[in-house]
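See structure below.
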Number of protein chains: 4
Amino acid sequence: MSHNSFGNLLRFSTWGESHGEAIGCVVDGFPSNIKIDISFIQRRLNLRKPGQSKFTTQRKESDIVKILSGVFDGKSTGAPISLIIFNNDQRTKDYSDIKNKFRPGHADFTYWSKYNNYDYRGGGRSSARETAMRVAAGSLAEILINNSKFKKIKIESAVVQIGNEKIKKNTWDTKIINKNPFFAPDKKIIPIWEKLVLEHRKKGSSLGAIIEVRVKNMPAGLGEPIYQKLDSELSKAIMSINAVKGIEFGEGFNIINQNGLTSSDEMKIDKNKISFMSNNAGGILGGISSGQDIVFRYVVKPTSSVLSKKKTISKNSKNTSISTKGRHDPCVGIRAVPVGIAMTAFVIADLLLINNSKNI
Amino acid sequence: MSHNSFGNLLRFSTWGESHGEAIGCVVDGFPSNIKIDISFIQRRLNLRKPGQSKFTTQRKESDIVKILSGVFDGKSTGAPISLIIFNNDQRTKDYSDIKNKFRPGHADFTYWSKYNNYDYRGGGRSSARETAMRVAAGSLAEILINNSKFKKIKIESAVVQIGNEKIKKNTWDTKIINKNPFFAPDKKIIPIWEKLVLEHRKKGSSLGAIIEVRVKNMPAGLGEPIYQKLDSELSKAIMSINAVKGIEFGEGFNIINQNGLTSSDEMKIDKNKISFMSNNAGGILGGISSGQDIVFRYVVKPTSSVLSKKKTISKNSKNTSISTKGRHDPCVGIRAVPVGIAMTAFVIADLLLINNSKNI
Amino acid sequence: MSHNSFGNLLRFSTWGESHGEAIGCVVDGFPSNIKIDISFIQRRLNLRKPGQSKFTTQRKESDIVKILSGVFDGKSTGAPISLIIFNNDQRTKDYSDIKNKFRPGHADFTYWSKYNNYDYRGGGRSSARETAMRVAAGSLAEILINNSKFKKIKIESAVVQIGNEKIKKNTWDTKIINKNPFFAPDKKIIPIWEKLVLEHRKKGSSLGAIIEVRVKNMPAGLGEPIYQKLDSELSKAIMSINAVKGIEFGEGFNIINQNGLTSSDEMKIDKNKISFMSNNAGGILGGISSGQDIVFRYVVKPTSSVLSKKKTISKNSKNTSISTKGRHDPCVGIRAVPVGIAMTAFVIADLLLINNSKNI
Amino acid sequence: MSHNSFGNLLRFSTWGESHGEAIGCVVDGFPSNIKIDISFIQRRLNLRKPGQSKFTTQRKESDIVKILSGVFDGKSTGAPISLIIFNNDQRTKDYSDIKNKFRPGHADFTYWSKYNNYDYRGGGRSSARETAMRVAAGSLAEILINNSKFKKIKIESAVVQIGNEKIKKNTWDTKIINKNPFFAPDKKIIPIWEKLVLEHRKKGSSLGAIIEVRVKNMPAGLGEPIYQKLDSELSKAIMSINAVKGIEFGEGFNIINQNGLTSSDEMKIDKNKISFMSNNAGGILGGISSGQDIVFRYVVKPTSSVLSKKKTISKNSKNTSISTKGRHDPCVGIRAVPVGIAMTAFVIADLLLINNSKNI
C-alpha cells in the first residue's frame, strides 16, 4: 500500500509539490531491454504543458524531463526508472492574502483538516502540477505497449463538450485532435468553443469539459475480475485526476433510456471474424475487454480559481472572502486530455503484464 | 496484489461460483474485541436476497451466512473472519441449449476469451451471486464503523430512477427506503415504478436504474491523495459491481451546465460551526472528505437476460441466437442497493483505519 | 496488505483456528485450465498429518481437504480456489487449568498483549494447525510448477540434525526421505534419532531440528531485486513457520570461516555448459537464482509443550506454574518438513509468474 | 507489488545505480507535522560512508543527501518525501577488461541471465551503493519512532565476529560501538580485528562478519501474524541486504543444543512487573514482540572482489579469469551495520503504524 503509487506489476510513484524544487516519478516493474526514447516522453509532456494557447493558463512551466536511472545505453535495464522535472517558475511572491484562507472548490480546507500542514503557495501536492509526472509515467507505458505484441493498441482522446456546447454525433476526426488548442475531434466546434472560452475568461469565469477516450485494437481478455476489472481500474485511475467528478463507459448514464431488449450488444460471425452489432458496453463485459473499442467519458468541473470574490473562511475560523488573481485555466479540462491518455495507457500496460504472467 | 480482494488495511477476499457448493469471503485486518452480531450480517444479506417481491427474480436463495473463524466468545479475535453461504438452489437442469452460446450483455464471451474455461451453468464467478459476499463483508465494515469514534456515520442509499422515471428533487425520505420493494426514497414514485417494471417484465424485457448513495455525518479528512483518494476508491468499488456503467459525485456530469462563478461550494462560519453553502462537490475536495455529506450516483444497465431472441455466436464460431428462459430480475439495479452500501461502508472503514494509523 | 496472505501474483490467504469448526485457504491468481488432482493435494497433506508414528504427536487430525471453488470439470477456472478442512478432533475438555495461564515458549502471552482476546483451547490462530493450509496451498503451487515450462524443478527437503545428532556430509539419499518417520536423508542416522527422540519423549522433554531444502533444476533468473529477492522471499516464507528461529543459505553462517579468496563460487564452461565449481552461495547471487541448486537450512526450536512444570504468570498477573499434559510432538521440527517444501514451492511459483509477465 | 519498494503503511522505494547520475528514495505514508532534521539523516549516512578508515574501501562518496519534497517549513506534510544523493565519484575509466566477464560472487551473471542488460561499471543496481538510500529511509523511520509514544525504543547494532575472531560473551558496551572503525562493542577485540583485517587486506583477500542487532524498550504486541510476523518481516528486510547469507533470532541455530525443558523462556511477576527469566526467543513469540529486547544476528559473506585471479566465464561463454583491482572493502560486513539498523527501524516504524490503525 502506498498512497502515491499507481499500478500493480507496472507501478509508478509520484512525488513533489507545485512550488517545490522539483517533481518526479519512479516507474517500477518496467521490463528490460526496451528502447527508451526520451524525446517521445518530452513530446507527450509538451501536450499537457500550460502556456501554449490563450485557452490555457499563461503560467510558464518549462517541463523538461530528465531520466536519472533505469536506462543504460538507451535501453531499460529492468531497474526502476526515475524521472525528474525541476520547477523553474517558483516566483517568490507575496502570499499573505491567501496564506490563511481556504480557496473554495480547492483542496485547501481538506488538506488542512487532514494534515494540518500544507504548502499554501499553490496547492502543494494537490496542485494539477502533479499530473505532469503521470504523463511522463504514462508515456513509458505507451512505449511498453508499442514494444509488445499488442503494439496495434491505440489510445485516442478528445474534448467532446465544453460548457453547454458539445460536438455532433459521429464527427470524431482523429487527425485534427492534436492540431487545435482544444483537443477537439470536430472542426466545426472549434470557433464555437473559442468564443465561449474567451467570453468566460474575460469575465473571470471558467468552464467545465467532458472528455472522451477511445482505445482501438484492444485485444479481448484484459481485466482481472472481480476487483481488478478493466472498468474498475480505469475508473480509479481517471477519478484520481484533479477536478474529475464522474466517469461512464459506453452508453453510460444514457443506458437508462434503453431497455433489456435493446441494451445488450448482439454478436455475429462475418467472414470468420467475430463482431458486435453495437457498442453500448464500451468494449467491456464482466470487467474484461471484449475486443471492441474501449469507450469512456469523464467530466471535469470548471476551474475553481476565478476572479470574482467568493465567500470563504480563514484558518482561524473567521468569515472572509477570496478572489484568485493571476494566471488560471479558463477550462482546465482541456489540459486533462493527455493526463487521461497517460492513465489509460498505464492501466492497459499493467493489465497486459498481468495477463502475460499467466501464460505458464 | 490479489484479483479477488478489496481494501487495504481492512481487506476482504471473495470466492465461489453461482452454481458451486458454496460462496464465501474472508475479512482480514479486522481489529480484535469487537462484538460481532451475526444477525446484523444476516439482516443485511436479506435486503439483497432475491425472491422477495414480484419486482425481483423469483429464484430462491436461502443465503444463510455462517462464521467459520475469527470470532471467539462473540467477539472478533483479530484473526481473519471467514464467512460462508452454502448454495442450495443448485438444480440439476439441462444446460445443453446455452452451454455453447455466449449470452449477449453477459460476460460469457469475455470469460471464454480470457480463461478458455468457465462455468456455463449461470455465469460462475461472473454471476451477481458473488455480491452476496460483498454484503456480508460490508456489514462487518458497518459493525466496525459503529464501534469506532465515528459511529455517527450513516450510509443511506436509494433508487432514484428506473427507466425514464425519476424521483422529484428533494423528496428523499430515509424512513421509507427499506419499506418498499424498490428502495425508493419517494412514496409517489412507487406506483409509477410498479406499473413500469411489471410492464417490462411481462414483455420479457428489463430496465436500468440509477442509484444514489448519501453518507451522513462524515468526518473531514478521509481519503489518501494522490492515488487512494476517497472518490477514486469509491469509484473502483462501485464500478466493480456487476452491470454498473457509470458513477458521478455531487453534481457529477451536470456540473458541465455551471461555470466557475457558481460551481465551487462557498464556506462560512455560523455559530462557530464551519458550513458549506452548497454541495456541488459531493462532499469531497482533492480526494478528501470535507465533512459535508458524501453524495454519489451510479447507473446499472438493464438486466441482459431477456425472453426475446438475441443474435449471438457459439463457442465454435457459428451464428446463432439465444433467449433466456426462466427467472430473471426485471430491474437488477434494485438489488444493487445493498451492495453499493456494503462497498461504501468497506471503503470508509478501510480509510478510517488508515487515518488512525497516522496518529502516532 | 493482508496479514494472513502470502505471495504476490500467486497468493494464498489462510483462515481458521485449531479448535474452530474448520480451517481453510483461498488461492488467488492461479492460471486457468490446469488439471487439478485433489489426491495430489491430499497426499501432500498426509505427509504433515500428525499421529503417524511414535515420533510425532498422537493427536488425530483427519485432514481431509475439499475444494469449494475455482475448479470446474477437473480444471482450474482462473477464479480463486477455496480449500477447506473441517476440524474433527474438537474434544470438549476441561481447559480451566490452562485458560488463564500463559504457556512459556508459546504465543499465549503475546497474543494476549496484542489482541486481548484469544482462543485458549489450543493456541487458536497461533497453533501449528494453520500450517496444514500452507501445505494445501503449496501443493497447488507444485501443480502449477509441474504444468509450466519449468516442470523439471524439484524441491527436496530433509531433517539433517535433531538435537546434537546430525547427518554426515554427502549422505543425502533422496529416495529414502519419505520412507522413514524422520524425513531423514541418511539411513544411518535413523536408529540414532529413534533412540534420542524416544528418550526425550519419555522424560517429557523435546528436541529441536535443523531442516535442509534443496531445489534442483532451477532456472537462472528467478527473484526480483531489490526487495523481492529470492532469498529474501524465502526467508520471509520460512521464518513465518511456527517455531523457526533462523535460516541460512549455502554455506550460511559457516561462511565466516572462509575468506574472499575461497568464498565465491568460480565459474567455467565445459562442453558448452555453464557450471560453478562450488555452491557456497546456495544458488543465489544478488537475490536471483544462478541456475545452481538452491540450498538453505532452517532451525526449529524444541517443542515448547513439555510435561515438567515451568514457571509462568497468569492473566491477572500472579506467579504460577504450568505443565502441558497430553499429546505433543517430541520434535515438532519433523512435521515442519512438508510445510517448508510448501512455502518454497509457493515462492518459486509466484516468482515464475512474475518473471513470465515481463516477456512482452 | 513493487520490486524496489519496502514496507506497508510506511513504505520506501529506492532507485539509482552506482555509476548513474544520482541515487534516491521516496518515503510514502509518513505522517504529517513531524519535525524533520536533515542533519540527523546526514549523520546516519556518514556512518555508512566509505573511505573513513583503512578498514573500509577507500572509494570516496560524498553522500550529501537532499530533500526534494514532502517537507514544508521544516515539518513533514504527509506527502511523499523524496531524497536524493548525487553521485560524484563517477570516474570515466576503462572498463574493457571487466565489461564482458562475470565477477565470481557478484550478481553480474544473474543480472545478465535475468535482464540481458546491466551496467558493468560497478554492478549498477546490484551495487551496495543502493544501501545508502536505505539508511536515509531508515533514519526517517527513526525520526518517526522518536516522535511517537514509543520514543524509548532504541536500536543498537555491532559487529560481533570477523573471520574466526568473535567477541566474548557479555562484553557489549553500547558507548564504544560508534567510536571505533569496526562498530565493535568490545574494546578488547579491536586490536585483534585490526591485525586480522589488515593482514587480509594486504594479501588481497577479505573477511566475513557476523552482526548483532538489539532493540531495547520494545513494547509487547508488534507484529502481524501469520504472514507479517515481526521476525518474518525483519528476515525479509535483512536478507535483502547485499552479501547477507543467514539470520537467526535469540539463541538461533544454537537452540539445537538445548531441549524443551530448558529452551522456553519462563515468566514471572516481580514488583508488579512482568519479566522473563531468559531470552532464548530473542524477544519474539508467535511473530509478536514480547516486550523483551529483540535480539538477532546475521552473517555477511567476505567481499567477493579480491585481487587474486579467479576463474570465470565471459558473456560469450568462454573460459577466462578475472581479478578485481582497486578499492574494495576488506570486510564489507562492517559497513552493513548502519544498513541493518535502518532496515530494523523501518520494519518497527511500519508495524507501529499498523498497530495504531487498530485503535478504533
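Each chain in the C-alpha cells gets a letter, A, B and so on, in the order shown; residues start at 1 in every chain, and ligands are counted from 1 in the order they appear.
Every chain C residue lying within 9 Å of chain A, based on only C-alpha atoms, is listed here: Met1, Leu9, Gly29, Phe30, Pro31, Ser32, Ala79, Leu144, Ile145, Asn147, Ser148, Lys149, Phe150, Pro225, Ile226, Leu352, Leu353, Ile354, Asn355, Asn356, Ser357, Lys358, Asn359 and Ile360 of chain C.
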Next, dump the selected residues to file, keeping only C-alpha atoms, as a PDB file, in the first residue's frame.
ATOM      1  CA  MET C   1      -1.743  -5.548   2.591  1.00  0.00           C
ATOM      2  CA  LEU C   9       0.762 -12.636  -8.342  1.00  0.00           C
ATOM      3  CA  GLY C  29      -4.095 -15.707  -9.224  1.00  0.00           C
ATOM      4  CA  PHE C  30      -3.950 -19.362 -10.247  1.00  0.00           C
ATOM      5  CA  PRO C  31      -3.957 -19.606 -14.067  1.00  0.00           C
ATOM      6  CA  SER C  32      -6.897 -21.311 -15.751  1.00  0.00           C
ATOM      7  CA  ALA C  79     -11.141 -17.943 -10.216  1.00  0.00           C
ATOM      8  CA  LEU C 144       1.459 -25.081 -11.246  1.00  0.00           C
ATOM      9  CA  ILE C 145       5.218 -25.632 -11.496  1.00  0.00           C
ATOM     10  CA  ASN C 147       2.497 -27.721 -15.571  1.00  0.00           C
ATOM     11  CA  SER C 148       4.865 -24.949 -16.543  1.00  0.00           C
ATOM     12  CA  LYS C 149       7.864 -24.978 -18.815  1.00  0.00           C
ATOM     13  CA  PHE C 150       9.941 -25.377 -15.650  1.00  0.00           C
ATOM     14  CA  PRO C 225      15.780  -7.212  -6.774  1.00  0.00           C
ATOM     15  CA  ILE C 226      15.963  -5.242  -4.592  1.00  0.00           C
ATOM     16  CA  LEU C 352       7.781 -17.749 -12.112  1.00  0.00           C
ATOM     17  CA  LEU C 353       4.563 -15.853 -12.811  1.00  0.00           C
ATOM     18  CA  ILE C 354       6.252 -12.506 -12.162  1.00  0.00           C
ATOM     19  CA  ASN C 355       9.090 -13.483 -14.447  1.00  0.00           C
ATOM     20  CA  ASN C 356       6.651 -14.535 -17.137  1.00  0.00           C
ATOM     21  CA  SER C 357       4.882 -11.224 -17.032  1.00  0.00           C
ATOM     22  CA  LYS C 358       7.943  -9.436 -18.397  1.00  0.00           C
ATOM     23  CA  ASN C 359       8.009 -11.389 -21.644  1.00  0.00           C
ATOM     24  CA  ILE C 360       6.146  -8.770 -23.551  1.00  0.00           C
TER      25      ILE C 360
END
Please, which residues of region 181-335 of chain C, numbered as in this document, come out helix (DSSP H, G or I) from DSSP, as an MDAnalysis selection string?
chainID C and resid 189:202 230:239 252:257 260:263 334:335
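Among the candidate residues B:Val135, B:Ile247, B:Ile64, B:Leu196, the one lying nearest to Leu234 (chain B) is B:Ile247, with distances computed using only C-alpha atoms.
CA of Gly122 (chain A) to CA of Leu285 (chain B) spans 15.2 Å [interatomic distance, one decimal].
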Can you tell me which residues surround Tyr118 (chain D) at a distance of at most 12 Å, considering only C-alpha atoms, apart from same-chain residues fewer than 2 positions away, and format the answer as a PyMOL selection string?
(chain A and resi 32-33+69-79) or (chain D and resi 17-20+99-100+102+107-116+120-127+315)
Expected file contents, prior selection, C-alpha atoms, as an mmCIF file, in the first residue's frame:
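The resulting file, selection_3.cif, is shown below:
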data_model
loop_
_atom_site.group_PDB
_atom_site.id
_atom_site.type_symbol
_atom_site.label_atom_id
_atom_site.label_comp_id
_atom_site.auth_asym_id
_atom_site.auth_seq_id
_atom_site.Cartn_x
_atom_site.Cartn_y
_atom_site.Cartn_z
ATOM 1 C CA SER A 32 14.399 -4.708 -19.528
ATOM 2 C CA ASN A 33 15.870 -4.107 -22.943
ATOM 3 C CA SER A 69 18.100 5.808 -13.519
ATOM 4 C CA GLY A 70 16.935 2.555 -15.045
ATOM 5 C CA VAL A 71 18.153 3.233 -18.566
ATOM 6 C CA PHE A 72 21.591 2.173 -19.796
ATOM 7 C CA ASP A 73 22.880 2.537 -23.334
ATOM 8 C CA GLY A 74 19.442 3.824 -24.382
ATOM 9 C CA LYS A 75 17.566 0.752 -23.123
ATOM 10 C CA SER A 76 15.639 -0.065 -19.988
ATOM 11 C CA THR A 77 17.610 -2.242 -17.565
ATOM 12 C CA GLY A 78 14.707 -3.657 -15.549
ATOM 13 C CA ALA A 79 15.614 -1.358 -12.650
ATOM 14 C CA GLU D 17 22.705 2.851 -9.941
ATOM 15 C CA SER D 18 26.211 3.042 -8.521
ATOM 16 C CA HIS D 19 27.538 4.815 -11.595
ATOM 17 C CA GLY D 20 24.451 6.763 -12.592
ATOM 18 C CA LYS D 99 32.951 -5.382 -19.293
ATOM 19 C CA ASN D 100 32.377 -8.836 -20.701
ATOM 20 C CA PHE D 102 31.168 -12.146 -14.792
ATOM 21 C CA ALA D 107 25.448 -10.579 -9.292
ATOM 22 C CA ASP D 108 26.847 -9.959 -12.777
ATOM 23 C CA PHE D 109 25.925 -13.375 -14.108
ATOM 24 C CA THR D 110 22.449 -13.498 -12.599
ATOM 25 C CA TYR D 111 21.568 -9.942 -13.686
ATOM 26 C CA TRP D 112 22.781 -10.830 -17.143
ATOM 27 C CA SER D 113 20.691 -14.018 -17.140
ATOM 28 C CA LYS D 114 17.625 -12.148 -15.976
ATOM 29 C CA TYR D 115 17.766 -8.768 -17.675
ATOM 30 C CA ASN D 116 20.232 -9.349 -20.504
ATOM 31 C CA TYR D 120 29.026 -3.243 -15.976
ATOM 32 C CA ARG D 121 30.687 -0.166 -14.491
ATOM 33 C CA GLY D 122 30.188 -1.304 -10.918
ATOM 34 C CA GLY D 123 27.209 -3.537 -10.560
ATOM 35 C CA GLY D 124 24.684 -0.839 -11.375
ATOM 36 C CA ARG D 125 21.635 -1.632 -9.360
ATOM 37 C CA SER D 126 23.185 -4.625 -7.581
ATOM 38 C CA SER D 127 25.889 -2.455 -6.027
ATOM 39 C CA LYS D 315 29.398 -13.132 -21.818
#
If we count only C-alpha atoms and set the cut-off at 8 Å, which residues sit around Lys101 (chain D), ignoring sequence neighbours fewer than 6 positions away in its own chain? Please answer as a PyMOL selection string.
chain D and resi 312-315+320+322
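The two atoms in question, CA of Leu198 (chain B) and CA of Asn180 (chain B), are spaced 15.2 Å apart.
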Excluding Val306 (chain B) and residues on its chain fewer than 5 positions from it, collect all residues at most 12 Å away from it, counting only C-alpha atoms, and give them as an MDAnalysis selection string.
(chainID A and resid 259:264) or (chainID B and resid 103:106 200:207 322:332)
May I have the selected residues written with C-alpha atoms, as a PDB file, in the first residue's frame?
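part-v1.pdb, written as the output of this step:
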ATOM      1  CA  ASN A 259     -34.346  -1.453 -22.033  1.00  0.00           C
ATOM      2  CA  GLY A 260     -33.167  -5.040 -21.984  1.00  0.00           C
ATOM      3  CA  LEU A 261     -34.437  -5.724 -25.476  1.00  0.00           C
ATOM      4  CA  THR A 262     -32.064  -3.165 -26.953  1.00  0.00           C
ATOM      5  CA  SER A 263     -29.292  -2.579 -24.443  1.00  0.00           C
ATOM      6  CA  SER A 264     -27.048  -5.588 -24.864  1.00  0.00           C
TER       7      SER A 264
ATOM      8  CA  ARG B 103     -25.317 -14.661 -23.864  1.00  0.00           C
ATOM      9  CA  PRO B 104     -25.233 -11.042 -25.186  1.00  0.00           C
ATOM     10  CA  GLY B 105     -24.582  -8.450 -22.494  1.00  0.00           C
ATOM     11  CA  HIS B 106     -23.146 -11.110 -20.197  1.00  0.00           C
ATOM     12  CA  HIS B 200     -41.417  -4.691 -18.927  1.00  0.00           C
ATOM     13  CA  ARG B 201     -41.405  -7.932 -17.038  1.00  0.00           C
ATOM     14  CA  LYS B 202     -44.497  -9.042 -18.883  1.00  0.00           C
ATOM     15  CA  LYS B 203     -42.972  -8.476 -22.277  1.00  0.00           C
ATOM     16  CA  GLY B 204     -39.773 -10.235 -21.245  1.00  0.00           C
ATOM     17  CA  SER B 205     -37.805  -7.020 -21.166  1.00  0.00           C
ATOM     18  CA  SER B 206     -35.932  -5.267 -18.363  1.00  0.00           C
ATOM     19  CA  LEU B 207     -34.951  -1.809 -17.120  1.00  0.00           C
ATOM     20  CA  ILE B 322     -30.405 -17.243 -27.699  1.00  0.00           C
ATOM     21  CA  SER B 323     -33.230 -16.327 -25.352  1.00  0.00           C
ATOM     22  CA  THR B 324     -33.036 -16.610 -21.608  1.00  0.00           C
ATOM     23  CA  LYS B 325     -35.887 -18.541 -20.137  1.00  0.00           C
ATOM     24  CA  GLY B 326     -36.804 -18.582 -16.555  1.00  0.00           C
ATOM     25  CA  ARG B 327     -36.264 -16.407 -13.579  1.00  0.00           C
ATOM     26  CA  HIS B 328     -34.556 -13.075 -14.008  1.00  0.00           C
ATOM     27  CA  ASP B 329     -34.644  -9.661 -12.416  1.00  0.00           C
ATOM     28  CA  PRO B 330     -36.762  -7.200 -14.425  1.00  0.00           C
ATOM     29  CA  CYS B 331     -34.573  -4.440 -12.951  1.00  0.00           C
ATOM     30  CA  VAL B 332     -31.376  -5.803 -11.462  1.00  0.00           C
TER      31      VAL B 332
END
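The spacing separating CA of Ile153 (chain D) from CA of Asn46 (chain D) amounts to 22.0 Å.
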Quick one: everything within 12 Å of Val160 (chain D), counting only C-alpha atoms, minus sequence neighbours fewer than 6 positions away in the same chain. Send it as number ranges by chain.
C: 256; D: 166-173, 177, 182-190, 193, 208-214, 296-300, 333-334, 337
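Residues lying within 9 Å of Ala342 (chain D), counting only C-alpha atoms and ignoring same-chain neighbours fewer than 4 positions away, are Arg44, Arg134, Val135, Ala136, Ala137, Gly138, Ser139, Leu140, Ala141, Glu142, Val337, Pro338, Phe346 and Val347 of chain D.
Distances to Thr344 (chain A) were evaluated for A:Ser235, A:Ser304, A:Gln258, A:Asn316 using only C-alpha atoms, and the minimum falls at A:Ser235.
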As a PyMOL selection string, list the residues of region 208-267 of chain B assigned to strand (DSSP E or B) by DSSP on the backbone atoms of this structure.
chain B and resi 209-216+224+228+244-249+259+267
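Proximity to Asp265 (chain A) was assessed for B:Ala336, B:Ser2, B:Lys310, B:Lys301 counting only C-alpha atoms; the smallest distance is recorded for B:Lys310.
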